[in-house]
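Student: My questions will all concern the structure given below.
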Amino acid sequence: MSALCPPPSPAVAKTEISMNGESPLLAATFAYWDNILGPRVRHIWAPKTDQVLLSDGEITFLANHTLNGEILRNAESGAIDVKFFVLAEKRVIIVSLIFDGNWNGDRSTYGLSIILPQSELAFYLPLHRVCVDRLTHIIRKGRIWMHKERQEHFQKIVLEGMERMEDQGQSIIPMLTGEVIPVMELLSSMKSHSVPEEID
């Protein structure tokens, strides 16, 4: 890695998903921009497999790559930007949706990404619009969750006069997990069963 790269994220939580059939997906990630440390990965979802195609460190590096350059992001409120990377040197493609949100009281930039081997490019391209739509739906649900969590936090401060003790942001991961798994299953199903070119 280059000296200009941000330091690797500390131990990143990972959820391994058992898939029926072959999964074309290497991983899905949720990352955020930290104003001091730069891009950080919050969570990795990966298909459970005997063969390690990418280490957690490589996945973290790739996910961080998607948020580089977003420090001065000046997007419309509610905008979701789609980034599509083909990194030939790493032999992967990354589809990343970049969005702003308010989590733990801090407005920041986030990225929800999927990482596939470059060899799956021809398989993925016809499904790009479907995947982007599904990831956009997940982001919209995540923003609603962030807004509700923030309101509940402030109500608790007003009613009880104290800060909530637990890490508020941790509970977004189970919500995201429940949404990311069906996308992973969809890609796995499409890889296993495909769709005929012509439907009668």
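Following the order of the structure tokens, first chain is A, next is B, and so on, with residues numbered from 1 inside each chain and ligands from 1 in the order they appear.
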Compile the contact shell of Met190 of chain A as a list in words: residues with an atom at most 10 Å away, counting only C-alpha atoms, same-chain residues fewer than 5 positions apart removed.
Tutor: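 Close residues of Met190 of chain A: Glu22, Ser23, Pro24, Phe123, Tyr124, Leu127, Met184, Glu185 and Val195 of chain A.
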Student: Just the selected residues (C-alpha atoms), exported as a PDB file, in the first residue's frame, please.
Tutor:
```pdb
ATOM      1  CA  GLU A  22     -22.031 -20.026  -5.840  1.00  0.00           C
ATOM      2  CA  SER A  23     -21.797 -16.376  -4.846  1.00  0.00           C
ATOM      3  CA  PRO A  24     -20.326 -13.921  -7.343  1.00  0.00           C
ATOM      4  CA  PHE A 123     -22.423 -11.219 -15.307  1.00  0.00           C
ATOM      5  CA  TYR A 124     -22.874  -8.057 -13.231  1.00  0.00           C
ATOM      6  CA  LEU A 127     -27.862  -6.482 -13.160  1.00  0.00           C
ATOM      7  CA  MET A 184     -26.309 -11.128  -1.699  1.00  0.00           C
ATOM      8  CA  GLU A 185     -28.864 -13.932  -2.088  1.00  0.00           C
ATOM      9  CA  VAL A 195     -32.530 -15.632 -16.533  1.00  0.00           C
TER      10      VAL A 195
END
```
Student: Which residue gives the smallest distance to Leu54 of chain A among A:Val12, A:Ile115, A:Met19, A:Asp34, with only C-alpha atoms counted?
Tutor: A:Ile115
Student: Which residue gives the smallest distance to Ser171 of chain A among A:Arg42, A:Leu116, A:Ser188, A:Val92, with only C-alpha atoms counted?
Tutor: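 Of A:Arg42, A:Leu116, A:Ser188, A:Val92, the one nearest Ser171 of chain A is A:Arg42, counting only C-alpha atoms.
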Student: Pick out each residue of segment 75-149 of chain A that DSSP on the backbone tags as helix (DSSP H, G or I); I need them as number ranges by chain.
Tutor: A: 118-149
Student: Keeping only N, CA and C atoms, write the selected residues as a compact mmCIF listing (two decimals), in the first residue's frame.
Tutor:
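result_7.txt was written with the following content:
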```txt
# COMPACT_ATOMS: atom_id res chain seq x y z
N GLN A 118 -13.29 -9.17 -10.90
CA GLN A 118 -13.36 -8.57 -12.23
C GLN A 118 -13.88 -9.58 -13.25
N SER A 119 -13.65 -10.85 -13.00
CA SER A 119 -14.12 -11.89 -13.92
C SER A 119 -15.66 -11.95 -13.98
N GLU A 120 -16.35 -11.33 -13.02
CA GLU A 120 -17.82 -11.33 -13.00
C GLU A 120 -18.42 -10.08 -13.66
N LEU A 121 -17.59 -9.29 -14.33
CA LEU A 121 -18.07 -8.04 -14.92
C LEU A 121 -19.21 -8.28 -15.92
N ALA A 122 -19.05 -9.24 -16.81
CA ALA A 122 -20.09 -9.52 -17.81
C ALA A 122 -21.38 -10.01 -17.13
N PHE A 123 -21.25 -10.77 -16.06
CA PHE A 123 -22.42 -11.22 -15.31
C PHE A 123 -23.11 -10.03 -14.63
N TYR A 124 -22.31 -9.13 -14.04
CA TYR A 124 -22.87 -8.06 -13.23
C TYR A 124 -23.54 -6.95 -14.05
N LEU A 125 -22.95 -6.56 -15.16
CA LEU A 125 -23.43 -5.38 -15.90
C LEU A 125 -24.93 -5.39 -16.20
N PRO A 126 -25.52 -6.51 -16.66
CA PRO A 126 -26.97 -6.48 -16.88
C PRO A 126 -27.78 -6.30 -15.59
N LEU A 127 -27.16 -6.59 -14.45
CA LEU A 127 -27.86 -6.48 -13.16
C LEU A 127 -27.56 -5.18 -12.42
N HIS A 128 -26.75 -4.31 -13.03
CA HIS A 128 -26.31 -3.09 -12.36
C HIS A 128 -27.48 -2.25 -11.86
N ARG A 129 -28.45 -1.99 -12.71
CA ARG A 129 -29.58 -1.14 -12.33
C ARG A 129 -30.36 -1.74 -11.15
N VAL A 130 -30.56 -3.06 -11.19
CA VAL A 130 -31.28 -3.73 -10.10
C VAL A 130 -30.50 -3.59 -8.79
N CYS A 131 -29.19 -3.81 -8.84
CA CYS A 131 -28.37 -3.71 -7.63
C CYS A 131 -28.36 -2.29 -7.09
N VAL A 132 -28.21 -1.31 -7.97
CA VAL A 132 -28.21 0.09 -7.52
C VAL A 132 -29.55 0.44 -6.89
N ASP A 133 -30.64 -0.02 -7.49
CA ASP A 133 -31.97 0.25 -6.91
C ASP A 133 -32.11 -0.38 -5.53
N ARG A 134 -31.65 -1.62 -5.37
CA ARG A 134 -31.74 -2.30 -4.07
C ARG A 134 -30.87 -1.59 -3.03
N LEU A 135 -29.65 -1.21 -3.40
CA LEU A 135 -28.77 -0.52 -2.47
C LEU A 135 -29.33 0.87 -2.11
N THR A 136 -29.94 1.54 -3.08
CA THR A 136 -30.57 2.84 -2.81
C THR A 136 -31.70 2.68 -1.80
N HIS A 137 -32.48 1.62 -1.95
CA HIS A 137 -33.56 1.34 -1.01
C HIS A 137 -33.00 1.13 0.41
N ILE A 138 -31.90 0.39 0.50
CA ILE A 138 -31.27 0.15 1.80
C ILE A 138 -30.82 1.48 2.42
N ILE A 139 -30.23 2.34 1.61
CA ILE A 139 -29.75 3.64 2.11
C ILE A 139 -30.92 4.48 2.60
N ARG A 140 -32.01 4.48 1.87
CA ARG A 140 -33.18 5.26 2.31
C ARG A 140 -33.70 4.74 3.65
N LYS A 141 -33.75 3.43 3.80
CA LYS A 141 -34.17 2.87 5.09
C LYS A 141 -33.17 3.23 6.19
N GLY A 142 -31.88 3.21 5.85
CA GLY A 142 -30.85 3.57 6.82
C GLY A 142 -30.96 5.02 7.26
N ARG A 143 -31.26 5.90 6.33
CA ARG A 143 -31.44 7.32 6.69
C ARG A 143 -32.63 7.51 7.62
N ILE A 144 -33.71 6.79 7.35
CA ILE A 144 -34.88 6.87 8.23
C ILE A 144 -34.50 6.37 9.62
N TRP A 145 -33.76 5.26 9.66
CA TRP A 145 -33.32 4.73 10.95
C TRP A 145 -32.47 5.76 11.68
N MET A 146 -31.51 6.39 10.97
CA MET A 146 -30.64 7.39 11.59
C MET A 146 -31.46 8.54 12.16
N HIS A 147 -32.45 8.99 11.39
CA HIS A 147 -33.28 10.11 11.84
C HIS A 147 -34.07 9.73 13.09
N LYS A 148 -34.69 8.55 13.08
CA LYS A 148 -35.46 8.10 14.25
C LYS A 148 -34.55 7.94 15.46
N GLU A 149 -33.38 7.36 15.26
CA GLU A 149 -32.44 7.15 16.36
C GLU A 149 -32.02 8.48 16.96
```
Student: For each of A:Ser18, A:Ser77, A:Asn68, A:Asn35, take the minimum atom-to-atom distance to Asp50 of chain A, counting only C-alpha atoms, then give the residue where this is smallest.
Tutor: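 Among A:Ser18, A:Ser77, A:Asn68, A:Asn35, it is A:Ser18 that comes nearest to Asp50 of chain A.
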Student: Which of these, A:Leu112, A:Val82, A:Leu37, A:Leu26, has the shortest distance to Ile173 of chain A once you count only C-alpha atoms?
Tutor: A:Leu112
Student: Looking at only C-alpha atoms, which of A:Leu97, A:Ala13, A:Leu62, A:Leu87 is the one that sits closest to Ile44 of chain A?
Tutor: A:Ala13
Student: Out of segment 59-121 of chain A, which residues get strand (DSSP E) from DSSP, as a ChimeraX atom specification?
Tutor: /A:80-87,92-103,106-117
Student: Could you tell me how far atom CA of Gln51 of chain A sits from atom CA of Glu179 of chain A, in Å to one decimal place?
Tutor: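 Rounded to one decimal, the two atoms are 25.0 Å apart.
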